[in-house]
file data.cif (mmCIF, C-alpha atoms and all ligand atoms)
data_input
loop_
_atom_site.group_PDB
_atom_site.id
_atom_site.type_symbol
_atom_site.label_atom_id
_atom_site.label_comp_id
_atom_site.auth_asym_id
_atom_site.auth_seq_id
_atom_site.Cartn_x
_atom_site.Cartn_y
_atom_site.Cartn_z
ATOM 1 C CA MET A 1 0.227 21.114 -10.034
ATOM 2 C CA ALA A 2 -0.243 19.174 -13.266
ATOM 3 C CA GLU A 3 -2.504 16.173 -12.881
ATOM 4 C CA ARG A 4 -0.647 12.919 -12.411
ATOM 5 C CA VAL A 5 -1.344 9.289 -13.226
ATOM 6 C CA VAL A 6 -1.478 7.369 -9.958
ATOM 7 C CA VAL A 7 -1.703 3.578 -9.632
ATOM 8 C CA ILE A 8 -2.881 2.263 -6.274
ATOM 9 C CA THR A 9 -3.005 -1.452 -5.482
ATOM 10 C CA GLY A 10 -5.445 -2.696 -2.882
ATOM 11 C CA ALA A 11 -7.600 0.315 -3.758
ATOM 12 C CA GLY A 12 -10.833 -1.670 -3.405
ATOM 13 C CA SER A 13 -10.873 -1.224 0.382
ATOM 14 C CA GLY A 14 -9.408 0.483 3.439
ATOM 15 C CA ILE A 15 -6.208 2.498 3.085
ATOM 16 C CA GLY A 16 -5.967 2.024 -0.691
ATOM 17 C CA ARG A 17 -9.521 3.254 -1.233
ATOM 18 C CA SER A 18 -9.071 6.323 0.983
ATOM 19 C CA THR A 19 -5.817 7.137 -0.785
ATOM 20 C CA ALA A 20 -7.433 6.790 -4.208
ATOM 21 C CA VAL A 21 -10.204 9.181 -3.161
ATOM 22 C CA LYS A 22 -7.679 11.654 -1.731
ATOM 23 C CA PHE A 23 -5.468 11.791 -4.852
ATOM 24 C CA ALA A 24 -8.516 11.999 -7.123
ATOM 25 C CA ARG A 25 -9.888 14.914 -5.117
ATOM 26 C CA LYS A 26 -6.574 16.672 -5.784
ATOM 27 C CA GLY A 27 -7.062 16.210 -9.527
ATOM 28 C CA ASP A 28 -4.946 13.113 -10.239
ATOM 29 C CA LYS A 29 -6.116 10.296 -12.532
ATOM 30 C CA ILE A 30 -6.366 7.063 -10.612
ATOM 31 C CA VAL A 31 -5.894 3.442 -11.599
ATOM 32 C CA VAL A 32 -7.815 1.552 -8.921
ATOM 33 C CA ALA A 33 -6.039 -1.812 -8.891
ATOM 34 C CA ASP A 34 -7.336 -4.737 -6.854
ATOM 35 C CA PHE A 35 -8.299 -8.361 -7.297
ATOM 36 C CA ASN A 36 -11.652 -7.648 -5.695
ATOM 37 C CA GLU A 37 -13.741 -6.364 -8.614
ATOM 38 C CA LYS A 38 -16.714 -5.298 -6.505
ATOM 39 C CA GLY A 39 -14.613 -3.274 -4.054
ATOM 40 C CA GLY A 40 -12.536 -1.764 -6.848
ATOM 41 C CA GLN A 41 -15.587 -0.716 -8.837
ATOM 42 C CA GLU A 42 -17.122 0.837 -5.706
ATOM 43 C CA THR A 43 -14.004 2.974 -5.274
ATOM 44 C CA VAL A 44 -14.213 4.085 -8.920
ATOM 45 C CA ASP A 45 -17.894 4.964 -8.432
ATOM 46 C CA MET A 46 -17.073 7.029 -5.325
ATOM 47 C CA ILE A 47 -14.422 8.967 -7.260
ATOM 48 C CA LYS A 48 -16.646 9.509 -10.300
ATOM 49 C CA ALA A 49 -19.525 10.665 -8.075
ATOM 50 C CA ALA A 50 -17.199 13.447 -6.933
ATOM 51 C CA ASN A 51 -16.298 14.288 -10.570
ATOM 52 C CA GLY A 52 -12.893 12.622 -10.352
ATOM 53 C CA GLU A 53 -11.226 10.357 -12.908
ATOM 54 C CA ALA A 54 -10.567 6.679 -12.145
ATOM 55 C CA THR A 55 -10.595 3.269 -13.817
ATOM 56 C CA PHE A 56 -10.633 -0.159 -12.227
ATOM 57 C CA VAL A 57 -7.932 -2.620 -13.301
ATOM 58 C CA LYS A 58 -8.078 -6.146 -11.967
ATOM 59 C CA VAL A 59 -4.753 -7.486 -10.693
ATOM 60 C CA ASP A 60 -3.397 -10.178 -8.438
ATOM 61 C CA VAL A 61 -0.209 -8.510 -7.198
ATOM 62 C CA SER A 62 1.346 -11.883 -6.364
ATOM 63 C CA LYS A 63 1.632 -12.578 -10.138
ATOM 64 C CA PHE A 64 4.359 -10.615 -11.954
ATOM 65 C CA ASP A 65 2.736 -10.896 -15.388
ATOM 66 C CA GLN A 66 -0.459 -9.351 -13.999
ATOM 67 C CA VAL A 67 1.459 -6.503 -12.342
ATOM 68 C CA GLU A 68 3.263 -5.778 -15.614
ATOM 69 C CA ALA A 69 -0.085 -5.802 -17.422
ATOM 70 C CA MET A 70 -1.492 -3.373 -14.822
ATOM 71 C CA VAL A 71 1.353 -0.960 -15.533
ATOM 72 C CA GLU A 72 0.889 -1.285 -19.311
ATOM 73 C CA LYS A 73 -2.855 -0.720 -18.950
ATOM 74 C CA SER A 74 -2.297 2.445 -16.897
ATOM 75 C CA ILE A 75 -0.169 3.938 -19.656
ATOM 76 C CA GLU A 76 -2.651 2.853 -22.304
ATOM 77 C CA LEU A 77 -5.460 4.529 -20.316
ATOM 78 C CA TYR A 78 -3.801 7.744 -19.194
ATOM 79 C CA GLY A 79 -0.470 8.048 -21.021
ATOM 80 C CA SER A 80 1.932 8.143 -18.046
ATOM 81 C CA LEU A 81 2.864 6.672 -14.678
ATOM 82 C CA ASP A 82 3.796 9.224 -12.038
ATOM 83 C CA VAL A 83 2.995 7.654 -8.670
ATOM 84 C CA VAL A 84 2.668 3.967 -7.805
ATOM 85 C CA PHE A 85 1.386 3.018 -4.356
ATOM 86 C CA ASN A 86 2.164 -0.674 -3.750
ATOM 87 C CA ASN A 87 -0.332 -1.115 -0.961
ATOM 88 C CA ALA A 88 -2.266 -4.383 -1.413
ATOM 89 C CA GLY A 89 -1.752 -6.685 1.537
ATOM 90 C CA ILE A 90 -3.254 -9.521 3.517
ATOM 91 C CA GLY A 91 -2.987 -10.639 7.117
ATOM 92 C CA LYS A 92 -3.129 -14.103 8.611
ATOM 93 C CA ILE A 93 -3.463 -14.848 12.324
ATOM 94 C CA ILE A 94 -1.891 -18.246 13.033
ATOM 95 C CA PRO A 95 0.222 -19.509 15.950
ATOM 96 C CA PHE A 96 3.707 -20.124 14.571
ATOM 97 C CA LEU A 97 3.751 -23.903 15.028
ATOM 98 C CA ASP A 98 0.407 -24.271 13.230
ATOM 99 C CA TYR A 99 1.680 -22.697 9.997
ATOM 100 C CA THR A 100 1.581 -24.599 6.733
ATOM 101 C CA VAL A 101 4.134 -23.688 4.094
ATOM 102 C CA GLU A 102 1.201 -22.569 1.910
ATOM 103 C CA ASP A 103 -0.025 -20.126 4.608
ATOM 104 C CA TYR A 104 3.438 -18.580 4.766
ATOM 105 C CA GLU A 105 3.927 -18.437 1.008
ATOM 106 C CA ARG A 106 0.546 -16.824 0.411
ATOM 107 C CA VAL A 107 1.295 -13.900 2.745
ATOM 108 C CA ILE A 108 4.825 -13.472 1.390
ATOM 109 C CA GLY A 109 3.478 -13.744 -2.171
ATOM 110 C CA VAL A 110 1.102 -10.799 -1.757
ATOM 111 C CA ASN A 111 2.819 -8.543 0.800
ATOM 112 C CA GLN A 112 6.462 -9.020 -0.137
ATOM 113 C CA ASN A 113 6.611 -10.320 -3.712
ATOM 114 C CA GLY A 114 3.724 -8.024 -4.670
ATOM 115 C CA VAL A 115 5.742 -4.983 -3.610
ATOM 116 C CA PHE A 116 8.834 -6.239 -5.436
ATOM 117 C CA TYR A 117 6.818 -6.857 -8.623
ATOM 118 C CA GLY A 118 5.251 -3.390 -8.397
ATOM 119 C CA MET A 119 8.627 -1.723 -7.916
ATOM 120 C CA LEU A 120 10.205 -3.655 -10.779
ATOM 121 C CA ALA A 121 7.412 -3.180 -13.320
ATOM 122 C CA ALA A 122 6.861 0.490 -12.428
ATOM 123 C CA GLY A 123 10.579 1.283 -12.120
ATOM 124 C CA ARG A 124 11.320 -0.108 -15.589
ATOM 125 C CA LYS A 125 8.410 1.761 -17.147
ATOM 126 C CA MET A 126 9.222 5.069 -15.421
ATOM 127 C CA ARG A 127 12.843 4.733 -16.603
ATOM 128 C CA ASP A 128 11.724 4.026 -20.184
ATOM 129 C CA LEU A 129 9.308 6.974 -20.162
ATOM 130 C CA GLY A 130 11.871 9.264 -18.503
ATOM 131 C CA VAL A 131 9.400 9.997 -15.711
ATOM 132 C CA LYS A 132 10.762 11.265 -12.377
ATOM 133 C CA GLY A 133 8.206 9.202 -10.537
ATOM 134 C CA VAL A 134 7.530 8.188 -6.966
ATOM 135 C CA ILE A 135 7.003 4.643 -5.702
ATOM 136 C CA ILE A 136 5.414 4.347 -2.267
ATOM 137 C CA ASN A 137 5.218 0.974 -0.517
ATOM 138 C CA THR A 138 3.088 -0.005 2.446
ATOM 139 C CA ALA A 139 5.100 -1.588 5.248
ATOM 140 C CA SER A 140 3.759 -1.584 8.834
ATOM 141 C CA VAL A 141 4.795 -1.030 12.427
ATOM 142 C CA PHE A 142 4.808 -4.846 12.312
ATOM 143 C CA GLY A 143 7.892 -4.561 10.104
ATOM 144 C CA TYR A 144 9.639 -3.211 13.218
ATOM 145 C CA LEU A 145 7.908 -4.754 16.236
ATOM 146 C CA SER A 146 7.372 -8.397 17.102
ATOM 147 C CA ASN A 147 3.848 -9.695 17.541
ATOM 148 C CA GLN A 148 2.288 -13.083 18.284
ATOM 149 C CA TYR A 149 0.471 -15.098 15.586
ATOM 150 C CA THR A 150 1.447 -12.907 12.618
ATOM 151 C CA PHE A 151 4.864 -14.365 11.770
ATOM 152 C CA ALA A 152 4.550 -14.277 7.973
ATOM 153 C CA TYR A 153 3.075 -10.786 8.049
ATOM 154 C CA GLN A 154 5.968 -9.508 10.189
ATOM 155 C CA ALA A 155 8.494 -11.167 7.867
ATOM 156 C CA SER A 156 6.885 -9.657 4.778
ATOM 157 C CA LYS A 157 6.718 -6.145 6.215
ATOM 158 C CA GLY A 158 10.318 -6.291 7.438
ATOM 159 C CA ALA A 159 11.289 -7.154 3.871
ATOM 160 C CA VAL A 160 9.294 -4.207 2.518
ATOM 161 C CA ARG A 161 11.314 -1.894 4.778
ATOM 162 C CA MET A 162 14.572 -3.019 3.222
ATOM 163 C CA MET A 163 13.135 -2.996 -0.307
ATOM 164 C CA CYS A 164 12.302 0.700 0.180
ATOM 165 C CA GLN A 165 15.822 1.541 1.329
ATOM 166 C CA THR A 166 17.722 -0.461 -1.240
ATOM 167 C CA GLY A 167 15.207 0.183 -4.033
ATOM 168 C CA ALA A 168 15.649 3.932 -3.538
ATOM 169 C CA LEU A 169 19.384 3.503 -4.018
ATOM 170 C CA GLU A 170 18.884 1.518 -7.240
ATOM 171 C CA LEU A 171 16.356 3.941 -8.722
ATOM 172 C CA ALA A 172 17.886 7.263 -7.638
ATOM 173 C CA PRO A 173 20.044 7.485 -10.818
ATOM 174 C CA TYR A 174 16.807 7.644 -12.833
ATOM 175 C CA GLY A 175 15.282 10.349 -10.631
ATOM 176 C CA ILE A 176 12.747 7.889 -9.231
ATOM 177 C CA ARG A 177 12.031 8.111 -5.518
ATOM 178 C CA VAL A 178 11.063 5.179 -3.289
ATOM 179 C CA VAL A 179 9.400 5.782 0.053
ATOM 180 C CA GLY A 180 7.728 3.461 2.552
ATOM 181 C CA VAL A 181 4.924 4.038 5.006
ATOM 182 C CA ALA A 182 4.470 2.104 8.233
ATOM 183 C CA PRO A 183 0.930 2.536 9.522
ATOM 184 C CA GLY A 184 -0.077 1.764 13.094
ATOM 185 C CA THR A 185 -3.478 0.168 13.714
ATOM 186 C CA VAL A 186 -5.860 1.469 11.072
ATOM 187 C CA ASP A 187 -9.613 0.876 11.159
ATOM 188 C CA THR A 188 -10.015 -1.298 8.043
ATOM 189 C CA PRO A 189 -11.276 -4.842 7.356
ATOM 190 C CA ILE A 190 -7.739 -6.263 7.760
ATOM 191 C CA VAL A 191 -7.930 -5.827 11.563
ATOM 192 C CA GLN A 192 -11.353 -7.523 11.827
ATOM 193 C CA GLY A 193 -9.774 -10.794 12.978
ATOM 194 C CA PHE A 194 -8.269 -9.034 16.015
ATOM 195 C CA LYS A 195 -11.594 -7.316 16.736
ATOM 196 C CA ASP A 196 -13.389 -10.675 16.519
ATOM 197 C CA ALA A 197 -10.924 -12.023 19.082
ATOM 198 C CA GLY A 198 -12.062 -9.286 21.518
ATOM 199 C CA LEU A 199 -8.910 -7.230 21.113
ATOM 200 C CA THR A 200 -10.436 -3.881 20.077
ATOM 201 C CA ASP A 201 -9.402 -2.087 23.279
ATOM 202 C CA LYS A 202 -5.889 -3.474 22.985
ATOM 203 C CA LEU A 203 -5.746 -2.301 19.349
ATOM 204 C CA LYS A 204 -6.846 1.181 20.356
ATOM 205 C CA SER A 205 -4.303 1.384 23.172
ATOM 206 C CA ASN A 206 -1.478 0.884 20.655
ATOM 207 C CA GLN A 207 -1.833 4.495 19.522
ATOM 208 C CA MET A 208 -0.865 7.469 21.694
ATOM 209 C CA ARG A 209 -4.322 8.987 21.325
ATOM 210 C CA GLY A 210 -5.941 5.710 22.405
ATOM 211 C CA ASP A 211 -7.930 5.108 19.241
ATOM 212 C CA LEU A 212 -7.697 3.384 15.893
ATOM 213 C CA ILE A 213 -6.263 5.462 13.057
ATOM 214 C CA GLN A 214 -8.744 6.349 10.330
ATOM 215 C CA PRO A 215 -7.677 5.376 6.783
ATOM 216 C CA GLU A 216 -8.138 8.990 5.665
ATOM 217 C CA ALA A 217 -5.252 10.017 7.942
ATOM 218 C CA ILE A 218 -2.963 7.541 6.185
ATOM 219 C CA ALA A 219 -4.199 8.788 2.795
ATOM 220 C CA ASN A 220 -3.354 12.394 3.740
ATOM 221 C CA ALA A 221 0.198 11.449 4.691
ATOM 222 C CA VAL A 222 0.737 9.317 1.578
ATOM 223 C CA TYR A 223 -0.411 12.247 -0.534
ATOM 224 C CA LEU A 224 2.101 14.576 1.143
ATOM 225 C CA LEU A 225 4.919 12.073 0.570
ATOM 226 C CA SER A 226 4.073 11.921 -3.138
ATOM 227 C CA LEU A 227 4.625 15.651 -3.671
ATOM 228 C CA GLU A 228 7.734 17.188 -5.183
ATOM 229 C CA GLU A 229 8.065 19.324 -2.053
ATOM 230 C CA ALA A 230 8.770 16.070 -0.178
ATOM 231 C CA ASP A 231 11.591 15.009 -2.491
ATOM 232 C CA VAL A 232 14.169 15.026 0.315
ATOM 233 C CA ILE A 233 12.320 11.982 1.696
ATOM 234 C CA ASN A 234 13.850 9.057 -0.167
ATOM 235 C CA GLY A 235 14.590 5.492 0.936
ATOM 236 C CA SER A 236 12.923 6.113 4.285
ATOM 237 C CA VAL A 237 10.001 4.311 5.803
ATOM 238 C CA VAL A 238 7.839 6.934 7.475
ATOM 239 C CA MET A 239 5.938 5.882 10.596
ATOM 240 C CA LEU A 240 2.238 6.744 10.250
ATOM 241 C CA ASP A 241 1.377 5.279 13.605
ATOM 242 C CA ASP A 242 0.238 7.929 16.102
ATOM 243 C CA GLY A 243 3.269 7.039 18.188
ATOM 244 C CA TYR A 244 2.741 3.239 18.316
ATOM 245 C CA ALA A 245 6.339 2.290 17.561
ATOM 246 C CA SER A 246 7.850 4.990 19.729
ATOM 247 C CA PHE A 247 6.386 3.773 23.014
ATOM 248 C CA LYS A 248 6.161 -0.004 22.519
HETATM 249 P P1 LIG A 301 -7.961 -3.992 3.508
HETATM 250 O O1 LIG A 301 -8.182 -5.438 3.741
HETATM 251 O O2 LIG A 301 -9.053 -3.036 3.790
HETATM 252 O O3 LIG A 301 -7.449 -3.721 2.021
HETATM 253 C C1 LIG A 301 -6.548 -4.562 1.353
HETATM 254 C C2 LIG A 301 -6.909 -4.596 -0.120
HETATM 255 O O4 LIG A 301 -5.907 -5.356 -0.803
HETATM 256 C C3 LIG A 301 -8.263 -5.262 -0.406
HETATM 257 O O5 LIG A 301 -9.042 -4.460 -1.268
HETATM 258 C C4 LIG A 301 -7.877 -6.568 -1.087
HETATM 259 O O6 LIG A 301 -8.844 -7.020 -2.030
HETATM 260 C C5 LIG A 301 -6.569 -6.185 -1.755
HETATM 261 N N1 LIG A 301 -5.744 -7.348 -2.059
HETATM 262 C C6 LIG A 301 -5.425 -8.378 -1.239
HETATM 263 N N2 LIG A 301 -4.678 -9.273 -1.881
HETATM 264 C C7 LIG A 301 -4.509 -8.811 -3.150
HETATM 265 C C8 LIG A 301 -3.828 -9.301 -4.296
HETATM 266 N N3 LIG A 301 -3.180 -10.472 -4.281
HETATM 267 N N4 LIG A 301 -3.851 -8.547 -5.412
HETATM 268 C C9 LIG A 301 -4.516 -7.373 -5.449
HETATM 269 N N5 LIG A 301 -5.208 -6.882 -4.406
HETATM 270 C C10 LIG A 301 -5.185 -7.582 -3.262
HETATM 271 O O7 LIG A 301 -6.690 -3.635 4.420
HETATM 272 P P2 LIG A 301 -5.884 -2.266 4.643
HETATM 273 O O8 LIG A 301 -5.747 -2.089 6.105
HETATM 274 O O9 LIG A 301 -6.426 -1.165 3.823
HETATM 275 O O10 LIG A 301 -4.457 -2.719 4.098
HETATM 276 C C11 LIG A 301 -3.725 -1.995 3.121
HETATM 277 C C12 LIG A 301 -2.254 -2.160 3.411
HETATM 278 O O11 LIG A 301 -1.959 -1.548 4.663
HETATM 279 C C13 LIG A 301 -1.784 -3.616 3.525
HETATM 280 O O12 LIG A 301 -0.524 -3.749 2.928
HETATM 281 C C14 LIG A 301 -1.672 -3.808 5.039
HETATM 282 O O13 LIG A 301 -0.758 -4.817 5.373
HETATM 283 C C15 LIG A 301 -1.184 -2.434 5.440
HETATM 284 N N6 LIG A 301 -1.333 -2.101 6.856
HETATM 285 C C16 LIG A 301 -2.554 -2.061 7.431
HETATM 286 C C17 LIG A 301 -2.660 -1.748 8.785
HETATM 287 C C18 LIG A 301 -3.986 -1.709 9.489
HETATM 288 O O14 LIG A 301 -3.990 -1.668 10.731
HETATM 289 N N7 LIG A 301 -5.101 -1.696 8.792
HETATM 290 C C19 LIG A 301 -1.512 -1.460 9.526
HETATM 291 C C20 LIG A 301 -0.264 -1.499 8.891
HETATM 292 C C21 LIG A 301 -0.194 -1.804 7.548
#
call {"tool": "encode", "arguments": {"input": "data.cif", "output": "structure tokens", "more": "lines below"}}
Ligand code: NAD
result
Amino acid sequence: MAERVVVITGAGSGIGRSTAVKFARKGDKIVVADFNEKGGQETVDMIKAANGEATFVKVDVSKFDQVEAMVEKSIELYGSLDVVFNNAGIGKIIPFLDYTVEDYERVIGVNQNGVFYGMLAAGRKMRDLGVKGVIINTASVFGYLSNQYTFAYQASKGAVRMMCQTGALELAPYGIRVVGVAPGTVDTPIVQGFKDAGLTDKLKSNQMRGDLIQPEAIANAVYLLSLEEADVINGSVVMLDDGYASFK
């Protein structure tokens, strides 16, 4: 397969980092996009140490102008835009009645608006370049299931679900595919708050195999979804949850 240009947001940690490493190992050129410079540069170093190709681009995905600049920079660096993984996200554990409007807007700004901005900027550029690209968005089982103290997160991930479905419909005429992934509980820094609250065993019990999912497992599945062989998968959100949603 010809090498592709792959942009991954939130690639300075967790799922994004593992996915960046996976695609790079397969020969793709990676734009490691994150607002955390240290984490992003570490991911680039990991890829380069394994003779892969990657560049860090700083972005705050909650700002449309920065997301557009990220897309422009990717083309300037590598000449195309084949896969965009809108994956950056944040969590916030707050009882509903304690929310401030700012708490809510921050989570929506990154998790929901960030995905919209990524789809819009990448979709326009892929159309202009005539690229039959793939846009993959990170939702969550929490876009399907209710949960206490994560109201804004649930709302944002539910929105991502619908953006995948309706975005696929809008972009299909250009040959651009849109797919979502809904991970279960993955062992990354984002779940540290639950661990700190003594909920590790509960987190593990969410999966059928009774353990946290490793980020590499999510990366493997995202890679498969990006392939041309998977082109019948369009507009769907694929559960990457070791059964979490099917037995809750
Ligand atoms: P993580 O905290 O390890 O990684 C998130 C990354 O996103 C970090 O590098 C962070 O710097 C970056 N980021 C945050 N806000 C940003 C912004 N405004 N602009 C650019 N980068 C930003 O967490 P993770 O588990 O790897 O999360 C990745 C995605 O997976 C998120 O969308 C998360 O909601 C989703 N998810 C995670 C789990 C899980 O259990 N870990 C489950 C379902 C979905």
call {"tool": "resolve_selection", "arguments": {"input": "data.cif", "expression": "the PyMOL selection byres (((not hetatm)) within 8 of (chain A and resi 301))", "output": "NGL selection string"}}
result
:A and (9-17 or 33-36 or 39-40 or 58-63 or 86-91 or 109-111 or 114 or 138-142 or 153 or 157 or 182-191 or 213 or 215)
call {"tool": "write_last_selection", "arguments": {"input": "data.cif", "atoms": "C-alpha atoms", "output": "compact mmCIF listing (two decimals), in the coordinates of the input"}}
result
# COMPACT_ATOMS: atom_id res chain seq x y z
CA THR A 9 -3.00 -1.45 -5.48
CA GLY A 10 -5.44 -2.70 -2.88
CA ALA A 11 -7.60 0.32 -3.76
CA GLY A 12 -10.83 -1.67 -3.40
CA SER A 13 -10.87 -1.22 0.38
CA GLY A 14 -9.41 0.48 3.44
CA ILE A 15 -6.21 2.50 3.08
CA GLY A 16 -5.97 2.02 -0.69
CA ARG A 17 -9.52 3.25 -1.23
CA ALA A 33 -6.04 -1.81 -8.89
CA ASP A 34 -7.34 -4.74 -6.85
CA PHE A 35 -8.30 -8.36 -7.30
CA ASN A 36 -11.65 -7.65 -5.70
CA GLY A 39 -14.61 -3.27 -4.05
CA GLY A 40 -12.54 -1.76 -6.85
CA LYS A 58 -8.08 -6.15 -11.97
CA VAL A 59 -4.75 -7.49 -10.69
CA ASP A 60 -3.40 -10.18 -8.44
CA VAL A 61 -0.21 -8.51 -7.20
CA SER A 62 1.35 -11.88 -6.36
CA LYS A 63 1.63 -12.58 -10.14
CA ASN A 86 2.16 -0.67 -3.75
CA ASN A 87 -0.33 -1.12 -0.96
CA ALA A 88 -2.27 -4.38 -1.41
CA GLY A 89 -1.75 -6.68 1.54
CA ILE A 90 -3.25 -9.52 3.52
CA GLY A 91 -2.99 -10.64 7.12
CA GLY A 109 3.48 -13.74 -2.17
CA VAL A 110 1.10 -10.80 -1.76
CA ASN A 111 2.82 -8.54 0.80
CA GLY A 114 3.72 -8.02 -4.67
CA THR A 138 3.09 0.00 2.45
CA ALA A 139 5.10 -1.59 5.25
CA SER A 140 3.76 -1.58 8.83
CA VAL A 141 4.80 -1.03 12.43
CA PHE A 142 4.81 -4.85 12.31
CA TYR A 153 3.08 -10.79 8.05
CA LYS A 157 6.72 -6.14 6.22
CA ALA A 182 4.47 2.10 8.23
CA PRO A 183 0.93 2.54 9.52
CA GLY A 184 -0.08 1.76 13.09
CA THR A 185 -3.48 0.17 13.71
CA VAL A 186 -5.86 1.47 11.07
CA ASP A 187 -9.61 0.88 11.16
CA THR A 188 -10.02 -1.30 8.04
CA PRO A 189 -11.28 -4.84 7.36
CA ILE A 190 -7.74 -6.26 7.76
CA VAL A 191 -7.93 -5.83 11.56
CA ILE A 213 -6.26 5.46 13.06
CA PRO A 215 -7.68 5.38 6.78
call {"tool": "closest_residue", "arguments": {"input": "data.cif", "among": "A:Gln154, A:Thr166, A:Ser246, A:Ser236", "to": "Asn206 in chain A", "atoms": "all atoms listed in the file"}}
result
A:Ser246
call {"tool": "residues_around", "arguments": {"input": "data.cif", "residues": "Phe85 in chain A", "least_positions_apart": "2", "cutoff": "8 Å", "atoms": "only C-alpha atoms", "output": "short mmCIF file (atom, residue, chain, number, x, y, z; two decimals) with C-alpha atoms, in the frame of the given file"}}
result
data_model
loop_
_atom_site.label_atom_id
_atom_site.label_comp_id
_atom_site.auth_asym_id
_atom_site.auth_seq_id
_atom_site.Cartn_x
_atom_site.Cartn_y
_atom_site.Cartn_z
CA VAL A 6 -1.48 7.37 -9.96
CA VAL A 7 -1.70 3.58 -9.63
CA ILE A 8 -2.88 2.26 -6.27
CA THR A 9 -3.00 -1.45 -5.48
CA VAL A 83 3.00 7.65 -8.67
CA ASN A 87 -0.33 -1.12 -0.96
CA ILE A 135 7.00 4.64 -5.70
CA ILE A 136 5.41 4.35 -2.27
CA ASN A 137 5.22 0.97 -0.52
CA THR A 138 3.09 0.00 2.45
#
call {"tool": "closest_residue", "arguments": {"input": "data.cif", "among": "A:Ala197, A:Ile30, A:Ala54, A:Leu240", "to": "Ile93 in chain A", "atoms": "all atoms listed in the file"}}
result
A:Ala197
call {"tool": "closest_residue", "arguments": {"input": "data.cif", "among": "A:Asn51, A:Asp201, A:Ala121, A:Leu145", "to": "Val71 in chain A", "atoms": "all atoms listed in the file"}}
result
A:Ala121
call {"tool": "atom_distance", "arguments": {"input": "data.cif", "atom1": "CA of Phe56 in chain A", "atom2": "CA of Val32 in chain A"}}
result
4.7 Å
call {"tool": "residues_around", "arguments": {"input": "data.cif", "residues": "Gln112 in chain A", "least_positions_apart": "5", "cutoff": "7 Å", "atoms": "all atoms listed in the file", "output": "compact mmCIF listing (two decimals) with C-alpha atoms, in the frame of the given file"}}
result
# COMPACT_ATOMS: atom_id res chain seq x y z
CA SER A 156 6.88 -9.66 4.78
CA LYS A 157 6.72 -6.14 6.22
CA ALA A 159 11.29 -7.15 3.87
CA VAL A 160 9.29 -4.21 2.52
